[in-house]
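Colleague: The file below is final26.txt, compact mmCIF, C-alpha atoms:
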```txt
# COMPACT_ATOMS: atom_id res chain seq x y z
CA MET A 272 -203.14 176.14 96.92
CA ILE A 273 -205.32 175.16 93.97
CA TRP A 274 -204.49 176.48 90.49
CA TYR A 275 -206.44 176.83 87.23
CA TYR A 276 -205.40 177.85 83.74
CA ILE A 277 -207.17 178.90 80.52
CA ASP A 278 -206.89 176.48 77.61
CA GLU A 279 -206.71 178.75 74.56
CA SER A 280 -207.31 175.81 72.21
CA ILE A 281 -210.95 175.66 73.36
CA THR A 282 -213.20 178.12 71.52
CA ASP A 283 -216.65 177.18 72.84
CA GLY A 284 -217.80 177.06 76.46
CA ASP A 285 -215.71 176.94 79.61
CA ARG A 286 -211.99 177.10 78.80
CA ARG A 287 -210.83 176.80 82.40
CA LYS A 288 -208.76 173.74 83.32
CA GLY A 289 -208.15 172.55 86.87
CA PRO A 290 -207.88 172.21 89.75
CA TYR A 291 -204.12 171.52 89.94
CA SER A 292 -201.55 171.65 92.71
CA ILE A 293 -198.52 173.82 92.08
CA ASP A 294 -196.46 170.68 91.35
CA GLU A 295 -198.97 169.56 88.74
CA LEU A 296 -199.03 173.04 87.24
CA MET A 297 -195.24 173.04 87.08
CA ASP A 298 -195.37 169.74 85.17
CA LEU A 299 -197.75 171.39 82.70
CA VAL A 300 -195.31 174.31 82.38
CA LYS A 301 -192.43 171.91 81.73
CA SER A 302 -194.46 170.10 79.06
CA GLU A 303 -195.31 173.54 77.57
CA THR A 304 -199.02 172.92 78.01
CA VAL A 305 -198.98 176.05 80.16
CA LYS A 306 -196.93 178.69 78.39
CA PRO A 307 -195.57 182.00 79.75
CA GLN A 308 -198.54 183.86 78.20
CA THR A 309 -201.15 181.39 79.52
CA LEU A 310 -203.66 182.93 81.93
CA VAL A 311 -203.69 181.33 85.40
CA TRP A 312 -205.60 181.90 88.64
CA HIS A 313 -205.70 180.72 92.25
CA SER A 314 -207.76 181.77 95.27
CA GLY A 315 -206.80 185.19 96.53
CA MET A 316 -206.21 186.60 93.06
CA LYS A 317 -208.61 189.30 91.87
CA ASP A 318 -208.37 188.21 88.26
CA TRP A 319 -206.50 185.98 85.84
CA VAL A 320 -202.85 186.82 85.14
CA ARG A 321 -200.21 185.51 82.78
CA TRP A 322 -198.15 182.67 84.21
CA GLU A 323 -194.90 184.53 83.60
CA ASP A 324 -196.17 187.40 85.79
CA THR A 325 -196.85 185.24 88.87
CA GLU A 326 -194.51 185.13 91.85
CA GLU A 327 -194.40 181.34 91.57
CA ALA A 328 -193.07 181.54 88.02
CA LYS A 329 -190.40 184.06 89.03
CA ASN A 330 -189.43 182.27 92.23
CA ASN A 331 -189.16 178.89 90.56
CA ALA A 332 -187.27 179.97 87.45
CA ASN A 333 -183.99 178.66 88.86
CA LEU A 334 -185.61 175.50 90.22
CA PHE A 335 -186.68 174.53 86.71
CA GLU A 336 -183.07 174.43 85.63
CA LYS A 337 -182.16 172.20 88.56
CA GLY A 338 -185.21 169.99 88.13
CA GLU A 339 -186.28 170.52 91.72
CA SER A 340 -189.84 170.50 93.05
CA ALA A 341 -191.62 173.85 93.28
CA GLU A 342 -192.93 173.17 96.79
CA GLY A 343 -190.28 171.74 99.07
CA SER A 344 -192.69 169.97 101.40
CA ALA A 345 -196.10 168.32 101.49
CA LEU A 346 -199.16 170.32 102.40
CA SER A 347 -200.26 170.26 106.01
CA ASP A 348 -203.68 168.86 106.94
CA GLU A 349 -205.08 172.37 107.31
CA GLU A 350 -203.75 173.39 103.90
CA GLN A 351 -205.18 170.24 102.31
CA ILE A 352 -208.63 170.95 103.78
CA LYS A 353 -208.46 174.55 102.59
CA ALA A 354 -207.39 173.45 99.11
CA ALA A 355 -210.25 170.92 98.96
CA LEU A 356 -212.79 173.57 99.92
CA GLU A 357 -211.37 175.94 97.31
CA ALA A 358 -211.76 173.21 94.70
CA ILE A 359 -215.38 172.57 95.72
CA LEU A 360 -216.22 176.27 95.54
CA ALA A 361 -214.46 176.66 92.20
CA GLU A 362 -216.28 173.69 90.69
CA HIS A 363 -219.60 175.02 91.96
CA LYS A 364 -218.93 178.43 90.41
CA ALA A 365 -217.92 176.79 87.14
CA SER A 366 -221.23 174.94 86.84
CA LYS A 367 -223.95 176.86 85.03
CA ARG A 368 -227.72 176.62 85.32
CA TYR A 369 -229.31 178.25 82.31
CA ALA A 370 -232.32 180.46 83.04
CA GLY A 371 -235.53 179.14 81.49
CA PHE A 372 -238.40 180.86 79.71
CA PHE A 373 -240.62 181.66 82.69
CA VAL A 374 -237.98 183.18 84.97
CA ARG A 375 -236.71 185.29 82.08
CA ALA A 376 -240.27 186.36 81.24
CA ALA A 377 -240.83 187.38 84.87
CA ALA A 378 -237.61 189.41 84.87
CA TYR A 379 -238.61 191.06 81.58
CA PHE A 380 -242.02 191.94 83.07
CA VAL A 381 -240.34 193.67 86.04
CA ASP A 382 -238.01 195.60 83.72
CA ASN A 383 -240.92 196.77 81.59
CA PHE A 384 -242.86 197.78 84.70
CA ILE A 385 -239.92 199.99 85.69
CA LEU A 386 -239.66 201.38 82.16
CA SER A 387 -243.41 202.09 82.16
CA ALA A 388 -242.92 204.23 85.25
CA PHE A 389 -240.22 206.16 83.39
CA GLY A 390 -242.63 206.48 80.46
CA ILE A 391 -245.31 208.06 82.63
CA VAL A 392 -242.80 210.59 83.98
CA ILE A 393 -241.64 211.42 80.44
CA LEU A 394 -245.25 211.93 79.28
CA MET A 395 -245.99 214.23 82.22
CA VAL A 396 -242.87 216.30 81.54
CA LEU A 397 -243.70 216.60 77.84
CA SER A 398 -247.26 217.57 78.71
CA ALA A 399 -246.06 220.21 81.18
CA MET A 400 -243.78 221.60 78.46
CA GLN A 401 -246.74 221.55 76.04
CA LEU A 402 -244.86 219.22 73.72
CA ALA A 403 -247.49 216.49 73.99
CA ASP A 404 -251.26 216.36 74.42
CA LEU A 405 -251.70 213.95 77.33
CA ASN A 406 -255.49 213.90 77.03
CA ALA A 407 -255.40 213.06 73.32
CA ILE A 408 -252.86 210.29 73.88
CA SER A 409 -254.90 208.87 76.77
CA GLU A 410 -258.09 208.86 74.71
CA ALA A 411 -256.33 207.13 71.81
CA MET A 412 -254.84 204.54 74.18
CA ASN A 413 -258.24 203.86 75.78
CA ALA A 414 -259.79 203.42 72.34
CA TYR A 415 -257.05 200.97 71.40
CA ILE A 416 -257.53 198.97 74.62
CA ALA A 417 -261.29 198.88 74.06
CA ASP A 418 -260.97 197.60 70.49
CA PRO A 419 -257.38 196.75 69.42
CA THR A 420 -258.65 195.17 66.18
CA ALA A 421 -260.08 198.44 64.87
CA GLU A 422 -258.38 199.60 61.66
CA ASP A 423 -257.58 203.09 62.94
CA ALA A 424 -256.86 202.14 66.57
CA MET A 425 -253.07 202.29 66.25
CA SER A 426 -253.05 205.20 63.80
CA LYS A 427 -254.97 207.37 66.28
CA ILE A 428 -252.28 206.80 68.89
CA LEU A 429 -249.51 207.69 66.45
CA GLU A 430 -251.39 210.78 65.25
CA ALA A 431 -251.90 212.15 68.77
CA PRO A 432 -249.80 215.30 69.35
CA GLY A 433 -246.43 214.46 70.93
CA THR A 434 -246.62 210.69 70.42
CA HIS A 435 -243.65 210.50 68.06
CA LEU A 436 -241.50 212.63 70.38
CA PHE A 437 -242.48 210.50 73.36
CA LEU A 438 -241.71 207.24 71.54
CA SER A 439 -238.32 208.58 70.45
CA ILE A 440 -237.34 209.61 73.98
CA TRP A 441 -238.74 206.44 75.54
CA GLY A 442 -236.87 204.32 73.00
CA ILE A 443 -233.59 206.01 73.94
CA VAL A 444 -234.32 205.51 77.66
CA GLN A 445 -235.11 201.85 77.05
CA GLY A 446 -231.88 201.34 75.12
CA ILE A 447 -229.80 203.04 77.83
CA TYR A 448 -231.54 200.98 80.52
CA PHE A 449 -230.78 197.58 79.00
CA ILE A 450 -227.32 198.40 77.63
CA VAL A 451 -225.93 200.12 80.74
CA PHE A 452 -227.23 197.63 83.30
CA THR A 453 -226.08 194.64 81.23
CA ALA A 454 -222.61 196.11 80.64
CA ILE A 455 -222.01 197.25 84.23
CA LYS A 456 -223.91 194.68 86.32
CA SER A 457 -224.36 191.86 83.79
CA ALA A 458 -228.07 192.04 84.68
CA THR A 459 -230.98 194.46 84.64
CA PRO A 460 -232.91 195.11 87.90
CA GLY A 461 -235.47 192.52 86.79
CA LYS A 462 -232.78 189.89 86.32
CA LYS A 463 -231.16 190.90 89.61
CA LEU A 464 -234.47 190.34 91.38
CA PHE A 465 -234.68 186.77 90.10
CA LYS A 466 -230.93 186.17 90.57
CA ILE A 467 -230.03 185.59 86.93
CA HIS A 468 -227.47 187.36 84.76
CA VAL A 469 -226.05 187.55 81.25
CA GLU A 470 -222.71 185.98 80.36
CA PRO A 471 -220.77 185.96 77.08
CA ALA A 472 -220.55 182.50 75.52
CA TYR A 473 -217.05 182.96 74.11
CA SER A 474 -214.94 184.47 76.85
CA ILE A 475 -212.71 183.69 79.80
CA SER A 476 -214.88 182.27 82.57
CA THR A 477 -213.52 183.67 85.82
CA VAL A 478 -213.66 181.76 89.05
CA SER A 479 -213.56 184.85 91.25
CA GLY A 480 -216.61 186.43 89.63
CA ILE A 481 -219.06 186.60 86.75
CA ALA A 482 -217.66 186.81 83.24
CA LYS A 483 -218.35 190.42 82.26
CA VAL A 484 -220.31 191.54 79.23
CA SER A 485 -218.49 194.24 77.27
CA TRP A 486 -220.17 197.49 76.21
CA VAL A 487 -220.00 196.44 72.57
CA LEU A 488 -221.56 193.06 73.29
CA SER A 489 -224.23 194.63 75.50
CA THR A 490 -225.14 197.04 72.70
CA LEU A 491 -225.19 194.23 70.13
CA ARG A 492 -227.43 192.15 72.38
CA TYR A 493 -229.89 195.01 72.80
CA VAL A 494 -230.07 195.71 69.08
CA ALA A 495 -230.59 192.00 68.47
CA SER A 496 -233.38 191.99 71.07
CA LEU A 497 -235.29 194.42 68.84
CA PHE A 498 -235.38 191.69 66.20
CA THR A 499 -236.65 189.29 68.84
CA GLN A 500 -239.42 191.75 69.72
CA PHE A 501 -240.30 191.92 66.04
CA THR A 502 -241.02 188.17 66.10
CA LEU A 503 -244.03 188.88 68.34
CA MET A 504 -245.82 189.31 65.01
CA PHE A 505 -245.00 185.64 64.38
CA TYR A 506 -246.25 184.24 67.71
CA GLY A 507 -243.10 185.35 69.52
CA ILE A 508 -240.94 182.60 68.08
CA GLY A 509 -237.80 184.57 68.97
CA TYR A 510 -238.71 184.17 72.65
CA LEU A 511 -240.29 180.71 72.49
CA VAL A 512 -237.06 179.20 71.17
CA VAL A 513 -235.81 179.46 74.78
CA MET A 514 -238.13 176.59 75.69
CA ILE A 515 -236.50 174.12 73.27
CA ASP A 516 -232.87 175.25 73.20
CA PRO A 517 -230.68 173.16 75.58
CA LYS A 518 -228.88 176.31 76.74
CA ARG A 519 -232.09 178.36 76.94
CA ARG A 520 -231.04 180.95 74.39
CA SER A 521 -233.47 183.37 72.78
CA LEU A 522 -232.98 184.77 69.28
CA HIS A 523 -230.89 187.72 70.50
CA ASP A 524 -228.74 185.38 72.61
CA TRP A 525 -227.99 183.37 69.48
CA ILE A 526 -227.08 186.53 67.57
CA ALA A 527 -224.96 188.09 70.34
CA ARG A 528 -223.56 184.74 71.56
CA THR A 529 -224.66 185.17 75.15
CA TYR A 530 -226.32 183.05 77.83
CA VAL A 531 -228.65 183.94 80.69
CA VAL A 532 -227.68 181.87 83.74
CA HIS A 533 -228.63 181.62 87.39
CA ASP A 534 -226.37 183.24 89.96
CA THR A 535 -224.35 180.82 92.06
CA SER A 536 -223.60 181.27 95.71
CA VAL A 537 -222.18 178.81 98.21
CA LYS A 538 -221.39 179.32 101.87
CA ILE A 539 -219.28 176.70 103.63
CA LYS A 540 -218.74 176.96 107.37
CA VAL A 541 -215.88 174.96 108.80
CA ARG A 542 -216.21 174.26 112.52
CA PRO A 543 -213.03 173.68 114.54
CA ASP A 544 -212.53 170.19 115.87
CA ASP A 545 -212.82 169.30 119.55
CA ASP A 546 -209.11 169.73 120.22
CA GLN A 547 -209.14 173.23 118.77
CA GLU A 548 -212.23 174.17 120.77
CA LYS A 549 -210.51 173.10 123.97
```
Can you turn what I pasted into C-alpha cells?
Modeller:
Amino acid sequence: MIWYYIDESITDGDRRKGPYSIDELMDLVKSETVKPQTLVWHSGMKDWVRWEDTEEAKNNANLFEKGESAEGSALSDEEQIKAALEAILAEHKASKRYAGFFVRAAAYFVDNFILSAFGIVILMVLSAMQLADLNAISEAMNAYIADPTAEDAMSKILEAPGTHLFLSIWGIVQGIYFIVFTAIKSATPGKKLFKIHVEPAYSISTVSGIAKVSWVLSTLRYVASLFTQFTLMFYGIGYLVVMIDPKRRSLHDWIARTYVVHDTSVKIKVRPDDDQEK
C-alpha cells in the first residue's frame, strides 16, 4: 500500500509528498514530520484524512511504544506490483499540463456559442412579452455590423427598446453559467469538450480527483474575468499574457490564483502470467 501526505510547510504548488510504504510513513510519524493532524491518503480512500483518524494510526499506537514494525511481514509479489502501479498512477495524476492560449480560446468560443443561444431565447421571450423591440434591436445590430466604426453605431443598439433589460438578464445568465459550472464541475461545457479544467493554485492537490474550486473562488475568478474582458480595448493583453506565462495564466487566473490544466487519464491493464492463465 502506497501512502502520501500533505506538507503544510509548502505554500505554493503541489504540497503532496510520497509515495511511501507504511514503514516509511511510520518513520516520518516517529520523527514528527507527519503529525496527528497531517492529512494523509492511500488508494481506496475517497479523500484525504488526518493521520490520527486512520486505522493504521489507531492499530499501531501500541506498536510505537514497543518500537515494533507496523507491517509484520514483507509485501508479496502481487502486492508489490499493485503498489508500483498505484505509484505510477499517482505520479501521473500529480503531473500537470497547463492549457495554452488556443485550446482555452476554443473552449471560450464554445461557451459563448452556448450563451448566444441563451441570448436568442431571452430576446424572443422579452419580445413576446413586449418588453423589447426585436426588430429595432436587429436593425441596430445590422447597422453596427455593416459599419462598426460609425459614431452612433453602438448608441443605436443601446437606445433600442429593451436592450438594457436584455443586457442585464443576459449578464446574470452569463455569470451564473461560468460560476456554477466552475464551482461544481471545475470546468464549463466548453472546457469539458476540450478536456481542460480549472484548479486552485493554493490548495490540497488530491490524488483521487481534481482539486475543487470553491464557490467563493469561482465567483472571484468570474469577476476578475470581467477585468480581463475589459483589456480587449488594449489589444486583449489580459488574454495574451497566457502565451508568455510559464503556467499559462490569464489576468483573471493571476488575480484569483487559479490554473487551467489538461485532464489526466491513464488506463493500465495487467495481464495474468502464463501460470495464472493455465
Colleague: What does the distance from atom CA of A:Arg492 to atom CA of A:Phe373 come to in Å, to one decimal?
Modeller: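 The value is 19.8 Å.
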Colleague: Please list as a ChimeraX atom specification every residue within 12 Å of stretch 503-514 of chain A, counting all atoms listed in the file and excluding residues in the same chain fewer than 2 positions away.
Modeller: /A:369-376,379,495-501,516-526,530-531
Colleague: Choose the residue, out of A:Met395, A:Ala431, A:Val487, A:Leu436, that has the smallest atom-to-atom separation from A:Ile408; count all atoms listed in the file.
Modeller: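 Among the listed residues, A:Ala431 lies closest to A:Ile408.
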Colleague: Hey, what's within 10 Å of A:Ala454 if we count all atoms listed in the file and toss same-chain stuff fewer than 3 positions away? As a PyMOL selection string, please?
Modeller: chain A and resi 449-451+457-459+469+483-490
Colleague: Write the residues of the selection above to a file with C-alpha atoms, as a PDB file, keeping the file's coordinate frame.
Modeller:
```
ATOM      1  CA  PHE A 449    -230.780 197.580  79.000  1.00  0.00           C
ATOM      2  CA  ILE A 450    -227.320 198.400  77.630  1.00  0.00           C
ATOM      3  CA  VAL A 451    -225.930 200.120  80.740  1.00  0.00           C
ATOM      4  CA  SER A 457    -224.360 191.860  83.790  1.00  0.00           C
ATOM      5  CA  ALA A 458    -228.070 192.040  84.680  1.00  0.00           C
ATOM      6  CA  THR A 459    -230.980 194.460  84.640  1.00  0.00           C
ATOM      7  CA  VAL A 469    -226.050 187.550  81.250  1.00  0.00           C
ATOM      8  CA  LYS A 483    -218.350 190.420  82.260  1.00  0.00           C
ATOM      9  CA  VAL A 484    -220.310 191.540  79.230  1.00  0.00           C
ATOM     10  CA  SER A 485    -218.490 194.240  77.270  1.00  0.00           C
ATOM     11  CA  TRP A 486    -220.170 197.490  76.210  1.00  0.00           C
ATOM     12  CA  VAL A 487    -220.000 196.440  72.570  1.00  0.00           C
ATOM     13  CA  LEU A 488    -221.560 193.060  73.290  1.00  0.00           C
ATOM     14  CA  SER A 489    -224.230 194.630  75.500  1.00  0.00           C
ATOM     15  CA  THR A 490    -225.140 197.040  72.700  1.00  0.00           C
TER      16      THR A 490
END
```
Colleague: At what distance in Å, to one decimal, does atom CA of A:Lys462 lie from atom CA of A:Ala377?
Modeller: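 Separating atom CA of A:Ala377 from atom CA of A:Lys462 is a distance of 8.6 Å.
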Colleague: Please provide the set of residues having any atom within 8 Å of A:Asp382, restricted to all atoms listed in the file, with same-chain residues fewer than 2 positions apart removed, written as a PDB file with C-alpha atoms, keeping the file's coordinate frame.
Modeller:
```
ATOM      1  CA  ALA A 378    -237.610 189.410  84.870  1.00  0.00           C
ATOM      2  CA  TYR A 379    -238.610 191.060  81.580  1.00  0.00           C
ATOM      3  CA  PHE A 380    -242.020 191.940  83.070  1.00  0.00           C
ATOM      4  CA  PHE A 384    -242.860 197.780  84.700  1.00  0.00           C
ATOM      5  CA  ILE A 385    -239.920 199.990  85.690  1.00  0.00           C
ATOM      6  CA  LEU A 386    -239.660 201.380  82.160  1.00  0.00           C
ATOM      7  CA  THR A 459    -230.980 194.460  84.640  1.00  0.00           C
ATOM      8  CA  PRO A 460    -232.910 195.110  87.900  1.00  0.00           C
ATOM      9  CA  GLY A 461    -235.470 192.520  86.790  1.00  0.00           C
TER      10      GLY A 461
END
```
Colleague: Quote the spacing between atom CA of A:Tyr275 and atom CA of A:Pro290 in Å to one decimal place.
Modeller: 5.5 Å
Colleague: Just want the 6 Å neighbourhood of A:Tyr291, counted on all atoms listed in the file, with same-chain residues fewer than 5 positions away dropped. Output as a list in words.
Modeller: Ile273, Trp274 and Leu296 of chain A
Colleague: Find the residue from A:Ala421, A:Glu323, A:Gly446, A:Met412 that sits nearest to A:Lys306; use only C-alpha atoms when measuring.
Modeller: A:Glu323
